[in-house]
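These notes concern the structure reproduced below.
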Amino acid sequence: MKAVEITGLDVRYGAARILEEIAFSAEQGEMIGIVGPNGSGKTTLLKAMSRIVTPESGEIYYNNQDMADLTFRQLAREVAVVPQEIAIQFDYTVREIVTMGRHPFIGRFASESREDHAICTRAMKLASVDHLAETSVNAISGGERQRVLIARALAQEPKVLLLDEATSNLDISHQIEILSIIRRETVRASIISVFHDLNLASSYCDRILLLKDRQIHAMGPPAEVLTRENIRAVYGVDVIVRKHPLTGRPYILLMYDHERGAPQSTRIHILCGGGTGSELMQTLHAQGMQITTGVLNILDSDYLTAKELGIMVISEPPFSPISEESVSILKRCLTEADLIILLNMPIGRGNIENIRVLNGYKEKVVMYGMDSGIQDYSGGEATRLITDLCGCGALRIESIQEMQSFLSSKRLHEKKDKSGMII
Ligand code: ADP
C-alpha cells in the first residue's frame, strides 16, 4: 500500500497555472525531497497536499483514502505539516502549541491524557525545546519556533509528514540534528520535504523530485536526479557533482557563472597531478581560457576535475607509463599553447616524461607553487630538470592572484602585438 499517491494534479492561482500533471507516489518509510528553483511550485504542492489550496484537478490519496473524503480531523491523523513559518496570534506557550499535535486524537470534550502529555514532553525533548515548555512562543527565536513546530508534528505521530523547508531557519548543527531525529522517529512514516539545499536533500532523501516550470523534471534516487545536466537545465548554473566519500551520495559544488568568462584566445597547457591543478584549472576555465592538461592518470583527481570542466585531457590508464602516442599529443598541445604552467606536482617515474619534453618549450614555461620545494620521487632527475628550467629564466608564480595579474598583463601585451602598436 502506498502511503501517498498523487495523480494528475493541476493547481491554479486565478488564471495562473502553478502545477501541471503532477503524479508520484511515496512508500511507507520513504523520504522524498522536493527541490526546484524559487517559484517552481514546491510550497504550492505541499499546500495542495495539506488541503490549504484546492487543486483544479487530480487526486491525492493517503493510505488508499481519497483526501477529498477525509474530515479535517481524519486528515490530521494521517498527515502532519511543518510550514516555513507561521504567525501565532495568541500568547500560547511552547507546550500548548506542541499539545495541539495531539488534538486529532483527543475526544472533542476531553482533555489530554497522561499518555498525550508524555508524548508531547518527549517530542519537545527530541526537538530540544523542552527547556522552553512554559515560555510564550512569541518570546523565542525563529529557529526555536521552527523546532517547536517540528515537536508539534512529532507529537502528532503522523503517517505522512510534510515539511516545507522546515530546517531552513536552523543553524547547520541543528539542521543535521533535527533531520536525523525526524528520520529516526518517523521510520514508518513517509516524509515529503521541500529543500533549498541540494546537498542536504541528497544526504537525507531516498528519492528527489525536481520541479521545473510547473512540472516534474525528474524524479528518482539522488544520484539519478542530482546530475550536472539536470541542475544546469533547471537552475541554469554549472556545478560539479562529486560522490560523497562517506555516504556515496552525490554532493554538489557550485562553480561559477559561465557568462562572466568571455572566451579568451589564450591557450594554456597545465602540467599537474595529484590535485595540484584543480583550483587553477577552475579559475582559468572560468575566465574562458582555452586549457589543455595531461598527461594524467585517469584516477588522478586533476583528471576528474578536467573531465568535469570539459577540458581536453591527455590520459593514461592507472599504473601505466606515458605512451609514445601520449607524448606526441602532449608535444602538439605544448606547441599550440601560448603558455605552459608547470605545477608543483609529485613527479615520479610514471609521469616524468611530462617534464622531460619541456626542454623544447622552455621559453613558454611558468612555474606555479614551487616555493614549497620540488616533490621529486624520480631519484633526482625531476629536480635537475626543474632547476635547469629555472636557470633558463622560467617565471615563478606563487599565488592565484599573481597568476591572474600575470595573465592579464600578457593578454594586454598580445592584443597590442596583434594591433601592431607594440612590436
Ligand atoms: P516555490 O515554493 O517553489 O518557491 P511557490 O509554490 O511558493 O513556489 O509559488 C509558485 C508560483 O505561484 C509562484 O509564481 C508564486 O508567485 C505563485 N503563487 C504562490 N502563492 C500564490 C498566491 N497565493 N496567489 C497567487 N500566486 C501565488
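In the C-alpha cells, each chain is lettered A, B, ... as it comes, each chain's residues begin at 1, and ligands are numbered from 1 in order of appearance.
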Please provide as number ranges by chain all residues within 12 Å of range 236-240 of chain A, with the sequence filter that same-chain residues fewer than 5 positions apart are discarded (counting only C-alpha atoms).
A: 36-37, 198, 212, 226-231, 250-259, 278, 282, 286, 304-310
Any chance you could export the current selection's N, CA and C atoms as a short mmCIF file (atom, residue, chain, number, x, y, z; two decimals), in the first residue's frame?
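Just written: result.cif:
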```cif
data_model
loop_
_atom_site.label_atom_id
_atom_site.label_comp_id
_atom_site.auth_asym_id
_atom_site.auth_seq_id
_atom_site.Cartn_x
_atom_site.Cartn_y
_atom_site.Cartn_z
N GLY A 36 13.76 22.51 -6.46
CA GLY A 36 13.47 23.26 -7.68
C GLY A 36 13.69 24.73 -7.38
N PRO A 37 13.81 25.55 -8.41
CA PRO A 37 14.08 26.97 -8.20
C PRO A 37 12.91 27.68 -7.50
N LEU A 198 20.52 21.50 -1.87
CA LEU A 198 20.53 20.23 -2.61
C LEU A 198 21.39 19.18 -1.90
N LYS A 212 10.36 21.84 -12.29
CA LYS A 212 10.75 22.95 -13.19
C LYS A 212 9.53 23.37 -13.99
N LEU A 226 20.16 14.36 -9.19
CA LEU A 226 21.06 15.50 -8.95
C LEU A 226 22.30 15.38 -9.85
N THR A 227 22.07 15.41 -11.12
CA THR A 227 23.17 15.35 -12.08
C THR A 227 23.50 16.76 -12.55
N ARG A 228 24.68 16.89 -13.10
CA ARG A 228 25.11 18.19 -13.61
C ARG A 228 24.14 18.70 -14.69
N GLU A 229 23.68 17.78 -15.54
CA GLU A 229 22.80 18.17 -16.65
C GLU A 229 21.46 18.66 -16.12
N ASN A 230 20.88 17.89 -15.16
CA ASN A 230 19.58 18.31 -14.62
C ASN A 230 19.68 19.65 -13.90
N ILE A 231 20.76 19.84 -13.15
CA ILE A 231 20.89 21.09 -12.38
C ILE A 231 21.07 22.26 -13.34
N PRO A 250 25.54 11.80 -4.12
CA PRO A 250 26.13 12.95 -4.83
C PRO A 250 26.22 14.17 -3.92
N TYR A 251 27.28 14.95 -4.06
CA TYR A 251 27.28 16.27 -3.44
C TYR A 251 27.72 17.28 -4.47
N ILE A 252 27.15 18.46 -4.30
CA ILE A 252 27.22 19.44 -5.38
C ILE A 252 28.10 20.61 -4.98
N LEU A 253 29.01 20.93 -5.87
CA LEU A 253 29.88 22.09 -5.63
C LEU A 253 29.51 23.14 -6.66
N LEU A 254 29.23 24.34 -6.17
CA LEU A 254 28.92 25.42 -7.11
C LEU A 254 30.19 25.84 -7.81
N MET A 255 30.09 26.11 -9.10
CA MET A 255 31.29 26.56 -9.79
C MET A 255 31.25 28.07 -9.93
N TYR A 256 30.68 28.57 -10.96
CA TYR A 256 30.69 29.99 -11.24
C TYR A 256 29.76 30.21 -12.40
N ASP A 257 29.53 31.47 -12.67
CA ASP A 257 28.67 31.82 -13.78
C ASP A 257 29.50 31.83 -15.06
N HIS A 258 29.21 30.90 -15.98
CA HIS A 258 29.96 30.80 -17.22
C HIS A 258 29.97 32.10 -18.02
N GLU A 259 28.84 32.82 -17.90
CA GLU A 259 28.69 34.02 -18.74
C GLU A 259 29.81 35.03 -18.48
N SER A 278 43.72 21.47 -9.80
CA SER A 278 42.26 21.64 -9.87
C SER A 278 41.80 23.09 -9.70
N GLN A 282 40.07 25.44 -12.62
CA GLN A 282 38.73 26.02 -12.48
C GLN A 282 38.78 27.53 -12.67
N ALA A 286 37.10 29.36 -15.83
CA ALA A 286 36.02 30.33 -15.58
C ALA A 286 36.25 31.62 -16.35
N LEU A 304 39.87 14.09 -13.00
CA LEU A 304 38.41 14.20 -12.78
C LEU A 304 37.95 15.65 -12.93
N THR A 305 38.73 16.58 -12.37
CA THR A 305 38.37 18.00 -12.48
C THR A 305 38.33 18.41 -13.95
N ALA A 306 39.37 18.02 -14.70
CA ALA A 306 39.43 18.40 -16.12
C ALA A 306 38.21 17.85 -16.86
N LYS A 307 37.87 16.61 -16.57
CA LYS A 307 36.72 15.99 -17.24
C LYS A 307 35.43 16.75 -16.90
N GLU A 308 35.28 17.08 -15.59
CA GLU A 308 34.06 17.77 -15.18
C GLU A 308 33.95 19.16 -15.81
N LEU A 309 35.10 19.76 -16.06
CA LEU A 309 35.07 21.10 -16.66
C LEU A 309 35.01 21.02 -18.17
N GLY A 310 35.13 19.83 -18.70
CA GLY A 310 35.12 19.67 -20.16
C GLY A 310 36.43 20.11 -20.79
#
```
Could you list the protein, DNA and RNA residues that have any atom within 6 Å of ligand 1, counting only C-alpha atoms and all ligand atoms, and write them as a ChimeraX atom specification?
/A:13,18,37-44
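With CA of Arg102 in chain A on one side and CA of Ala166 in chain A on the other, the separation reads 19.8 Å.
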Hey, what does DSSP flag as strand (DSSP E or B) within range 124-336 of chain A? Can you give it to me as a PyMOL selection string?
chain A and resi 136+160-164+190-194+207-212+215-220+239-243+250-254+267-271+290-297+312-316
If you keep C-alpha atoms, can you produce a file of those selected residues as an mmCIF file, in the first residue's frame?
```cif
data_model
loop_
_atom_site.group_PDB
_atom_site.id
_atom_site.type_symbol
_atom_site.label_atom_id
_atom_site.label_comp_id
_atom_site.auth_asym_id
_atom_site.auth_seq_id
_atom_site.Cartn_x
_atom_site.Cartn_y
_atom_site.Cartn_z
ATOM 1 C CA SER A 136 5.497 32.016 25.187
ATOM 2 C CA VAL A 160 2.853 11.249 6.422
ATOM 3 C CA LEU A 161 4.975 14.227 7.364
ATOM 4 C CA LEU A 162 5.110 17.269 5.094
ATOM 5 C CA LEU A 163 7.994 19.650 5.730
ATOM 6 C CA ASP A 164 8.330 22.969 3.949
ATOM 7 C CA SER A 190 6.633 8.761 4.736
ATOM 8 C CA ILE A 191 8.274 12.172 4.713
ATOM 9 C CA ILE A 192 7.918 14.685 1.930
ATOM 10 C CA SER A 193 10.096 17.686 2.399
ATOM 11 C CA VAL A 194 10.918 20.806 0.427
ATOM 12 C CA ARG A 207 14.287 9.975 -3.771
ATOM 13 C CA ILE A 208 14.304 13.506 -5.124
ATOM 14 C CA LEU A 209 11.517 15.194 -7.038
ATOM 15 C CA LEU A 210 12.889 18.018 -9.161
ATOM 16 C CA LEU A 211 10.348 20.641 -10.231
ATOM 17 C CA LYS A 212 10.753 22.950 -13.186
ATOM 18 C CA GLN A 215 6.096 20.082 -13.867
ATOM 19 C CA ILE A 216 8.223 17.236 -12.587
ATOM 20 C CA HIS A 217 11.502 17.495 -14.485
ATOM 21 C CA ALA A 218 12.982 14.348 -12.891
ATOM 22 C CA MET A 219 12.258 12.002 -10.027
ATOM 23 C CA GLY A 220 14.376 9.203 -8.633
ATOM 24 C CA VAL A 239 28.052 22.759 -10.871
ATOM 25 C CA ILE A 240 30.453 19.951 -10.169
ATOM 26 C CA VAL A 241 28.800 16.806 -8.870
ATOM 27 C CA ARG A 242 31.052 14.505 -6.875
ATOM 28 C CA LYS A 243 30.371 11.350 -4.929
ATOM 29 C CA PRO A 250 26.130 12.951 -4.827
ATOM 30 C CA TYR A 251 27.276 16.269 -3.439
ATOM 31 C CA ILE A 252 27.215 19.438 -5.380
ATOM 32 C CA LEU A 253 29.876 22.088 -5.635
ATOM 33 C CA LEU A 254 28.923 25.421 -7.107
ATOM 34 C CA ARG A 267 45.839 28.786 -24.879
ATOM 35 C CA ILE A 268 47.337 27.297 -21.763
ATOM 36 C CA HIS A 269 48.623 23.804 -21.113
ATOM 37 C CA ILE A 270 48.660 22.875 -17.442
ATOM 38 C CA LEU A 271 51.041 20.183 -16.219
ATOM 39 C CA GLN A 290 41.453 27.572 -23.677
ATOM 40 C CA ILE A 291 43.006 24.958 -21.457
ATOM 41 C CA THR A 292 44.536 21.563 -22.082
ATOM 42 C CA THR A 293 46.127 19.308 -19.500
ATOM 43 C CA GLY A 294 47.922 15.986 -19.071
ATOM 44 C CA VAL A 295 49.380 13.576 -19.350
ATOM 45 C CA LEU A 296 47.377 12.429 -16.329
ATOM 46 C CA ASN A 297 46.435 9.108 -14.892
ATOM 47 C CA MET A 312 40.795 18.391 -23.050
ATOM 48 C CA VAL A 313 42.980 15.995 -21.063
ATOM 49 C CA ILE A 314 45.645 13.608 -22.288
ATOM 50 C CA SER A 315 45.353 10.484 -20.160
ATOM 51 C CA GLU A 316 46.768 7.074 -19.460
#
```
Please identify all polymer residues within 12 Å of Tyr61 in chain A, counting only C-alpha atoms, omitting same-chain residues fewer than 2 positions from it, and present them as a PyMOL selection string.
chain A and resi 1-9+23-26+48-51+58-59+63-70+75+78-79+160
Surrounding residues of Asn351 in chain A excluding itself and chain neighbours under 4 positions, 12 Å, only C-alpha atoms, as a count of residues only
30
Please run DSSP on the backbone and report, as a PyMOL selection string, all residues within range 12-239 of chain A that come out as alpha helix (DSSP H).
chain A and resi 42-49+72-78+94-99+114-126+142-155+172-185+198-204+222-225+228-235
Glu402 in chain A environment, 12 Å, only C-alpha atoms, sequence neighbours closer than 3 positions dropped, as a list of chain:residue names:
A:Leu280, A:Val366, A:Met367, A:Tyr368, A:Gly369, A:Leu395, A:Arg396, A:Ile397, A:Glu398, A:Ser399, A:Ser405, A:Phe406, A:Leu407, A:Ser408, A:Ser409
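Taking only C-alpha atoms into account, Gly33 in chain A lies nearest to A:Ser202 out of the set A:Gln375, A:Asn138, A:Ser173, A:Ser202.
Of the residues under consideration (A:Leu179, A:Ile298, A:Met124, A:Leu385), A:Leu385 shows the shortest atom-to-atom contact distance to Asn354 in chain A when counting only C-alpha atoms.
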